[in-house]
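Enquirer: Here it is, the structure in full.
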Amino acid sequence: SQSAGFGNRTGNINAMSFQNSGYTIQDNTRSAVIELNSKISNTLYNNLIVSYDKQIENRGYMSQMFPTIDILQGSTTLTSVGFDPFTPGNKLDYNTFNVTNNLTKYAGKHTLVGGFNFQKYQSNNNFFPASNGVYIFNSLADFYTAANQSLANGGKPSAFVPARFQFRYSALAGAAEPMQVLKSNRLDLYLQDEYNATKDLKLTFGVRANIIGFENTALENPAISAMTFANGEKWNTGVMPKTQVLFEPRLGFNYDLKGQKKTQFRGGTGVFTGRPPYVFLSNQIGNNGVLTGFIDSDNKGATKYGFTANPGQYYIPSTPTLPSTFDLAFTDANYKFPQVWKTNIALDQKLPLGLIGTIEGIYNNNLNAVHYYNANLDAPTGNFAGVDTRSQFARTDAGVRVNDNVSNGIVLTNKDGAYFKSLTLKLELPYNKGLFGSFAWTTSNAKDFMSAGSIASGSWTSARAINGNNDLSLSTSDFVSPNRLVGVFGYRLEYGKKSGGATSISIGYIGNQGNPFTYTISGDMNGDRVNNNELIFVPNAFQDIKFVPLTVGSRTYSEVEQQAAFWNYVNQDDYLKTRRGKYAERNASFIPMLHRFDLSIVQDIFVNVKGKRNTIQIRADILNFGNMLNDNWGVSQRATNPQILAFQSVVNNQPTYRLATERFTDGTTGLITNTYSKNASVLDVWTAQLGIRYIFGK
């Protein structure tokens with residue numbers, strides 16, 4: 001994302017990054033638990049648990065510190081060298097102290113459980129992205145020019161400047177580590193009643209209240225408090241969300257329809273909160289312009305930033321406690337942690353031949369879903385002409401910002417309307433005379449406005465939109481699999497008891513249709529200073545889309561050739577050919593279903609040791625077994641390039657493009673023709689493993 005560099009370093013098959021740009025997680029976990037169980041009477045019991053956990057998840061470097069350098073080819077990333085921009089100084093440790101007490105009362109047909117949970121949480125997070133310096137160059141030639149100038153001048157900044165420069169630095173005295181500290185106290189109160197209404201009907205009622213408050217560890221930035229943002233909003237980086245009270249009513253049932261344990265009807269509905277994602281709030285504590293300063297320049301202003309491998313030596317302001325540019329994260333004072341209202345209903349039925357059939361439907365309504373918007377994004381300046389009349393922005397940093405010295409003002413807030421629904425059909429054969437198996441099909445759909453993550457600026461810039469990322473439509477979530485098939489079938493033959501053995505063979509199957517993708521325009525087509533986020537428009541006629549000549553090797557493709565190739569691509573794509581005269585939708589296309597089989601063979605050899613049966617077990621597994629039989633089986637497909645249009649410029653108030661290219665199986669490269677391509681990776685080829693273990697008898 002543009003929050004640090006150009007992006008697409010590893011998510012684009014046409015781009016490349018190097019292994020030593022990665023990182024490791026230095027996971028260090030410690031925990032202690034004390035539990036006390038008390039019998040107060042024959043019908044009253046108490047359970048007390050006191051625990052403490054601490055986890056350290058600092059990042060380890062796989063190379064020496066160096067700037068991040070994104071080198072473009074056209075409007076996409078060709079390659080990236082240097083450090084991962086999100087790893088420098090990235091440290092995280094958190095600790096949790098819990099006291100939980102549950103009191104259980106048995107009263108006839110009722111089982112009552114009441115109690116509380118108190119949690120004291122603290123996290124210490126140092127997220128210091130782009131503190132190594134990030135440079136974006138339009139071509140390899142530009143990078144070579146700048147790098148050679150810097151080397152020839154003893155490492156000083158080059159006279160030739162990159163297309164963009166980003167650099168984050170500590171704004172604290174002595175360049176102290178800008179640690180973000182979050183402290184929270186949570187109290188949960190709950191009561192549940194399991195009621196055996198009849199011998200065939202069981203009901204469960206419950207209610208839970210979560211009270212979540214925060215200590216004021218955020219710091220006010222007076223310069224920001226004095227500013228006015230879009231729509232007249234005022235923001236204070238030192239104001240944490242109000243104390244939250246979240247209620248969770250629940251109801252469940254389980255009914256044996258005829259009392260013969262053959263037909264079971266079950267279901268429930270209720271609100272669930274889960275563990276609060278505290279990391280979302282640490283954005284505000286860390287991105288307030290007090291802990292760090294941020295330079296984000298397109299090098300079109302008076303101050304130029306040339307290339308140097310040591311940006312900290314040359315670009316930290318002389319008065320670092322007063323950054324010239326702020327990259328900010330705010331939290332809505334009324335923000336609440338996300339909840340889900342879950343509802344499910346299911347029927348289990350015993351069938352002939354020992355089979356069990358299940359049908360289950362689930363509907364989840366997301367309450368208080370995480371949502372971001374940019375409070376510093378200025379209004380559009382107008383609209384395009386032609387068939388694509390979406391909004392245009394100013395195309396300069398100053399023009400798209402309400403406050404010119406604020407690169408981002410991302411607000412964490414809530415938005416309702418997102419949901420998930422699924423239907424599952426399952427047929428199961430429980431273990432019977434050595435045979436066992438099951439097969440299930442789940443179809444699902446999930447809609448949200450953005451599939452938000454914990455990084456405020458990255459989540460906002462990663463959204464996909466028509467008229468800018470502050471104007472998002474409900475669309476398919478990043479995390480959905482429309483169809484998933486899961487099956488297993490096996491047989492176990494056992495011979496002998498204390499001596500002898502057993503042979504088991506099973507084959508597992510997974511068919512998954514997932515990995516939704518979005519047709520977007522590479523570059524900054526609408527001029528909002530966010531790259532690769534605009535959804536494409538599919539015209540009714542190919543002449544309505546404008547191209548400029550494209551040279552690939554020694555071949556130059558004219559506008560007419562690109563228009564024809566674009567139209568052929570649209571007509572071969574099952575989704576795009578339905579969108580003529582319309583915009584593409586986010587995540588509306590899916591990778592074709594991938595079918596894979598795994599084979600397992602287990603040989604047990606029983607050994608009689610002093611009257612007990614010990615077992616020597618030899619196990620062989622072949623993962624992606626189908627690929628071993630046929631090289632074309634079990635190989636995943638990928639979207640050839642969802643960014644089929646690369647924005648070039650605006651001519652007569654209409655956008656012009658170049659069409660994406662594709663590398664064909666014969667090694668040649670030409671205009672893109674196929675939605676999907678097969679590119680076998682390490683995860684696609686079959687693998688085998690052999691294991692042996694000894695099981696002691698009892």
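Identifiers for the structure tokens are assigned positionally: chains receive A, B, ... in sequence, residues are indexed from 1 per chain, and ligands are indexed from 1 in the order shown.
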Residues of stretch 491-605 of chain A that approach stretch 373-385 of chain A to 12 Å or less, counting only C-alpha atoms: could you list each one with the shortest pair of atoms and its distance in Å to one decimal, rows by chain and increasing residue number, as a tab-separated table?

Expert:
residue	atom	partner	partner_atom	distance
A:Met525	CA	A:Phe384	CA	10.4
A:Asn526	CA	A:Phe384	CA	8.7
A:Gly527	CA	A:Pro380	CA	9.1
A:Asp528	CA	A:Leu377	CA	8.2
A:Arg529	CA	A:Leu377	CA	9.9
A:Val530	CA	A:Leu377	CA	10.9
A:Asp544	CA	A:Ala385	CA	11.1
A:Ile545	CA	A:Ala385	CA	11.7

Enquirer: Using only C-alpha atoms, find each residue in stretch 237-314 of chain A having at least one atom no more than 12 Å away from stretch 195-199 of chain A; report its shortest atom-to-atom pair and that distance in Å (one decimal), rows by chain then rising number, as CSV.

Expert:
residue,atom,partner,partner_atom,distance
A:Leu251,CA,A:Tyr195,CA,11.1
A:Gly252,CA,A:Tyr195,CA,10.3
A:Phe253,CA,A:Tyr195,CA,9.4
A:Asn254,CA,A:Asn196,CA,9.7
A:Tyr255,CA,A:Lys199,CA,9.2
A:Asp256,CA,A:Lys199,CA,8.6
A:Leu257,CA,A:Lys199,CA,10.8
A:Lys258,CA,A:Lys199,CA,10.7
A:Gly259,CA,A:Lys199,CA,7.9
A:Gln260,CA,A:Lys199,CA,11.0
A:Lys261,CA,A:Lys199,CA,11.3

Enquirer: Just write the chosen residues, all heavy atoms, as a compact mmCIF listing (two decimals), in the first residue's frame.

Expert:
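This went into result-v9.txt:
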# COMPACT_ATOMS: atom_id res chain seq x y z
N LEU A 251 -29.50 -17.45 23.21
CA LEU A 251 -30.52 -18.49 23.37
C LEU A 251 -30.14 -19.66 22.48
O LEU A 251 -29.81 -19.47 21.30
CB LEU A 251 -31.90 -17.96 22.97
CG LEU A 251 -33.02 -19.00 22.80
CD1 LEU A 251 -33.32 -19.67 24.15
CD2 LEU A 251 -34.27 -18.37 22.21
N GLY A 252 -30.20 -20.88 23.05
CA GLY A 252 -29.91 -22.07 22.27
C GLY A 252 -30.88 -23.18 22.61
O GLY A 252 -31.48 -23.19 23.70
N PHE A 253 -31.04 -24.13 21.68
CA PHE A 253 -31.94 -25.25 21.94
C PHE A 253 -31.41 -26.50 21.25
O PHE A 253 -30.68 -26.43 20.26
CB PHE A 253 -33.36 -24.95 21.47
CG PHE A 253 -33.50 -24.87 19.98
CD1 PHE A 253 -33.84 -26.00 19.23
CD2 PHE A 253 -33.30 -23.67 19.30
CE1 PHE A 253 -33.97 -25.94 17.85
CE2 PHE A 253 -33.42 -23.60 17.92
CZ PHE A 253 -33.76 -24.74 17.20
N ASN A 254 -31.80 -27.65 21.79
CA ASN A 254 -31.47 -28.96 21.23
C ASN A 254 -32.69 -29.85 21.47
O ASN A 254 -33.07 -30.10 22.62
CB ASN A 254 -30.23 -29.53 21.89
CG ASN A 254 -29.70 -30.74 21.16
OD1 ASN A 254 -30.41 -31.72 20.99
ND2 ASN A 254 -28.44 -30.69 20.76
N TYR A 255 -33.30 -30.34 20.37
CA TYR A 255 -34.57 -31.06 20.48
C TYR A 255 -34.48 -32.38 19.74
O TYR A 255 -34.21 -32.43 18.54
CB TYR A 255 -35.70 -30.20 19.91
CG TYR A 255 -37.08 -30.81 20.03
CD1 TYR A 255 -37.48 -31.47 21.19
CD2 TYR A 255 -37.98 -30.73 18.98
CE1 TYR A 255 -38.74 -32.02 21.30
CE2 TYR A 255 -39.25 -31.28 19.07
CZ TYR A 255 -39.62 -31.93 20.24
OH TYR A 255 -40.88 -32.48 20.35
N ASP A 256 -34.70 -33.47 20.49
CA ASP A 256 -34.82 -34.80 19.90
C ASP A 256 -36.28 -34.97 19.49
O ASP A 256 -37.16 -35.17 20.33
CB ASP A 256 -34.40 -35.86 20.94
CG ASP A 256 -34.41 -37.27 20.37
OD1 ASP A 256 -34.89 -37.44 19.23
OD2 ASP A 256 -33.95 -38.18 21.06
N LEU A 257 -36.55 -34.88 18.16
CA LEU A 257 -37.92 -34.72 17.69
C LEU A 257 -38.85 -35.85 18.15
O LEU A 257 -39.97 -35.59 18.58
CB LEU A 257 -37.94 -34.61 16.16
CG LEU A 257 -38.06 -33.18 15.63
CD1 LEU A 257 -36.85 -32.35 16.04
CD2 LEU A 257 -38.21 -33.17 14.11
N LYS A 258 -38.41 -37.07 18.06
CA LYS A 258 -39.30 -38.18 18.41
C LYS A 258 -38.83 -38.96 19.63
O LYS A 258 -39.41 -40.00 19.96
CB LYS A 258 -39.44 -39.13 17.21
CG LYS A 258 -40.10 -38.47 15.99
CD LYS A 258 -40.26 -39.47 14.85
CE LYS A 258 -40.92 -38.80 13.64
NZ LYS A 258 -41.08 -39.77 12.51
N GLY A 259 -37.80 -38.45 20.26
CA GLY A 259 -37.31 -39.11 21.46
C GLY A 259 -36.63 -40.43 21.20
O GLY A 259 -36.45 -41.23 22.12
N GLN A 260 -36.26 -40.68 19.94
CA GLN A 260 -35.62 -41.95 19.58
C GLN A 260 -34.16 -41.79 19.21
O GLN A 260 -33.53 -42.72 18.71
CB GLN A 260 -36.38 -42.59 18.41
CG GLN A 260 -37.84 -42.88 18.72
CD GLN A 260 -38.60 -43.40 17.51
OE1 GLN A 260 -38.10 -43.33 16.38
NE2 GLN A 260 -39.79 -43.93 17.74
N LYS A 261 -33.63 -40.58 19.42
CA LYS A 261 -32.24 -40.26 19.10
C LYS A 261 -31.91 -40.54 17.64
O LYS A 261 -30.81 -40.99 17.29
CB LYS A 261 -31.27 -41.00 20.03
CG LYS A 261 -31.45 -40.67 21.51
CD LYS A 261 -30.37 -41.27 22.36
CE LYS A 261 -30.60 -40.96 23.83
NZ LYS A 261 -30.66 -39.52 24.11

Enquirer: If you run DSSP over the backbone, which residues in stretch 411-493 of chain A end up helix (DSSP H, G or I)? Put them as a ChimeraX atom specification.

Expert: /A:456-461

Enquirer: Between A:Ala418, A:Val50, A:Leu535, A:Met227, which has the minimum distance to A:Asp404 (counting only C-alpha atoms)?

Expert: A:Met227

Enquirer: Have a look at A:Gln543, A:Gln244, A:Ser589, A:Ser139 and name the one nearest to A:Thr518; count only C-alpha atoms.

Expert: A:Ser589

Enquirer: Enumerate, as number ranges by chain, the complete set of residues in stretch 30-222 of chain A that a backbone-based DSSP assignment places in strand (DSSP E or B).

Expert: A: 30-41, 44-61, 68-73, 76-82, 91-107, 110-126, 134-137, 164-170, 180-196, 201-214

Enquirer: Please identify all polymer residues within 10 Å of A:Asn20, counting only C-alpha atoms, omitting same-chain residues fewer than 6 positions from it, and present them as an NGL selection string.

Expert: :A and (61-64 or 81-84)

Enquirer: Find the residues of stretch 43-83 of chain A that sit at most 12 Å from stretch 112-124 of chain A; for each, write down the nearest two atoms and how far apart they are in Å, to one decimal. Count only C-alpha atoms. Sort by chain, then by number going up, and give it as a tab-separated table.

Expert:
residue	atom	partner	partner_atom	distance
A:Thr43	CA	A:Leu112	CA	10.3
A:Leu44	CA	A:Leu112	CA	9.6
A:Tyr45	CA	A:Val113	CA	9.6
A:Asn46	CA	A:Gly115	CA	9.4
A:Asn47	CA	A:Gly115	CA	9.4
A:Leu48	CA	A:Gly115	CA	9.7
A:Ile49	CA	A:Asn117	CA	9.4
A:Val50	CA	A:Phe118	CA	9.7
A:Ser51	CA	A:Gln119	CA	9.7
A:Tyr52	CA	A:Lys120	CA	9.6
A:Asp53	CA	A:Tyr121	CA	9.8
A:Lys54	CA	A:Gln122	CA	9.6
A:Gln55	CA	A:Ser123	CA	9.6
A:Ile56	CA	A:Asn124	CA	9.5
A:Glu57	CA	A:Asn124	CA	10.5
A:Asn58	CA	A:Asn124	CA	10.6

Enquirer: For the selection you just gave me, I'd like the residues written to a file as a PDB file, in the first residue's frame, keeping C-alpha atoms.

Expert:
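Below is the file selection.pdb, written as the result:
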ATOM      1  CA  THR A  43     -25.599 -28.789  44.515  1.00  0.00           C
ATOM      2  CA  LEU A  44     -23.237 -25.801  44.670  1.00  0.00           C
ATOM      3  CA  TYR A  45     -19.707 -25.680  43.255  1.00  0.00           C
ATOM      4  CA  ASN A  46     -17.189 -22.906  42.702  1.00  0.00           C
ATOM      5  CA  ASN A  47     -14.262 -22.609  40.293  1.00  0.00           C
ATOM      6  CA  LEU A  48     -11.618 -19.878  40.666  1.00  0.00           C
ATOM      7  CA  ILE A  49      -8.845 -19.328  38.109  1.00  0.00           C
ATOM      8  CA  VAL A  50      -6.067 -16.743  38.358  1.00  0.00           C
ATOM      9  CA  SER A  51      -3.651 -16.471  35.436  1.00  0.00           C
ATOM     10  CA  TYR A  52      -0.892 -14.304  34.032  1.00  0.00           C
ATOM     11  CA  ASP A  53       0.434 -14.400  30.474  1.00  0.00           C
ATOM     12  CA  LYS A  54       3.205 -12.484  28.782  1.00  0.00           C
ATOM     13  CA  GLN A  55       4.155 -12.776  25.138  1.00  0.00           C
ATOM     14  CA  ILE A  56       7.049 -11.132  23.290  1.00  0.00           C
ATOM     15  CA  GLU A  57       6.768 -11.022  19.490  1.00  0.00           C
ATOM     16  CA  ASN A  58       9.624  -8.802  18.339  1.00  0.00           C
TER      17      ASN A  58
END

Enquirer: With only C-alpha atoms as the atoms that count, which of A:Gly409, A:Gly312, A:Pro338, A:Gly154 lies nearest to A:Trp460?

Expert: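 Closest residue, counting only C-alpha atoms: A:Gly409.
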
Enquirer: List the neighbours of A:Gln513 out to 8 Å using only C-alpha atoms; skip same-chain residues closer than 3 positions along the sequence, and give me the result as a ChimeraX atom specification.

Expert: /A:481-484,590-594

Enquirer: Selection from above, N, CA and C atoms, as an mmCIF file, in the first residue's frame, can you write it?

Expert:
data_model
loop_
_atom_site.group_PDB
_atom_site.id
_atom_site.type_symbol
_atom_site.label_atom_id
_atom_site.label_comp_id
_atom_site.auth_asym_id
_atom_site.auth_seq_id
_atom_site.Cartn_x
_atom_site.Cartn_y
_atom_site.Cartn_z
ATOM 1 N N SER A 481 -15.059 -18.105 0.998
ATOM 2 C CA SER A 481 -14.912 -19.204 0.046
ATOM 3 C C SER A 481 -16.314 -19.593 -0.394
ATOM 4 N N PRO A 482 -16.722 -19.258 -1.623
ATOM 5 C CA PRO A 482 -18.111 -19.516 -2.041
ATOM 6 C C PRO A 482 -18.493 -20.989 -1.990
ATOM 7 N N ASN A 483 -17.533 -21.856 -2.293
ATOM 8 C CA ASN A 483 -17.818 -23.292 -2.276
ATOM 9 C C ASN A 483 -16.619 -24.042 -1.731
ATOM 10 N N ARG A 484 -16.903 -24.934 -0.809
ATOM 11 C CA ARG A 484 -15.840 -25.749 -0.219
ATOM 12 C C ARG A 484 -16.365 -27.162 -0.020
ATOM 13 N N PHE A 590 -13.520 -15.011 -8.719
ATOM 14 C CA PHE A 590 -12.913 -16.030 -7.864
ATOM 15 C C PHE A 590 -12.033 -16.956 -8.694
ATOM 16 N N ILE A 591 -10.970 -17.410 -8.055
ATOM 17 C CA ILE A 591 -10.118 -18.425 -8.672
ATOM 18 C C ILE A 591 -10.933 -19.712 -8.827
ATOM 19 N N PRO A 592 -10.806 -20.429 -9.945
ATOM 20 C CA PRO A 592 -11.535 -21.697 -10.103
ATOM 21 C C PRO A 592 -11.215 -22.668 -8.971
ATOM 22 N N MET A 593 -12.155 -23.564 -8.736
ATOM 23 C CA MET A 593 -12.015 -24.505 -7.626
ATOM 24 C C MET A 593 -10.775 -25.383 -7.805
ATOM 25 N N LEU A 594 -10.057 -25.566 -6.708
ATOM 26 C CA LEU A 594 -8.870 -26.424 -6.671
ATOM 27 C C LEU A 594 -9.232 -27.722 -5.960
#

Enquirer: List the spatial neighbours of stretch 294-298 of chain A as a list in words - criterion: any atom at most 8 Å away, only C-alpha atoms, same-chain residues fewer than 4 positions off excluded.

Expert: Ala163, Arg164, Phe165, Gln166, Phe167, Arg168, Tyr169, Gly289, Tyr305, Pro323, Ser324, Thr325, Phe326, Asp327, Asp397 and Ser407 of chain A

Enquirer: I need the residue nearest A:Ala446 from this list: A:Ile466, A:Ala588, A:Ala346, A:Val651. Use only C-alpha atoms for the distance.

Expert: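 Looking only at the distances to A:Ala446, the closest residue turns out to be A:Ala588.
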
Enquirer: Do you know which residues are at most 8 Å from A:Val607 counting only C-alpha atoms, after dropping those on the same chain fewer than 5 positions away, and could you put them as a VMD selection string?

Expert: chain A and resid 498 to 500 613 to 616

Enquirer: Which of these residues is nearest to A:Asn364, using only C-alpha atoms: A:Ala130, A:Ile136, A:Val340, A:Ala230?

Expert: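 Using only C-alpha atoms, the shortest distance to A:Asn364 belongs to A:Val340.
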
Enquirer: Which one of A:Ser506, A:Asn469, A:Asn632, A:Gln654 sits closest to A:Ile601 if you count only C-alpha atoms?

Expert: A:Ser506

Enquirer: Can you work out the spacing between atom CA of A:Ser444 and atom CA of A:Lys421 in Å, to one decimal?

Expert: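 Spanning atom CA of A:Ser444 to atom CA of A:Lys421 is a straight-line distance of 5.6 Å.
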
Enquirer: What lies within 10 Å of A:Glu561 using only C-alpha atoms, ignoring chain neighbours under 4 positions off, as a list in words?

Expert: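 Near neighbours after the sequence-gap exclusion: Phe547, Pro549, Leu550, Thr556, Tyr557, Ala565, Phe566, Trp567, Leu659 and Leu671 of chain A.
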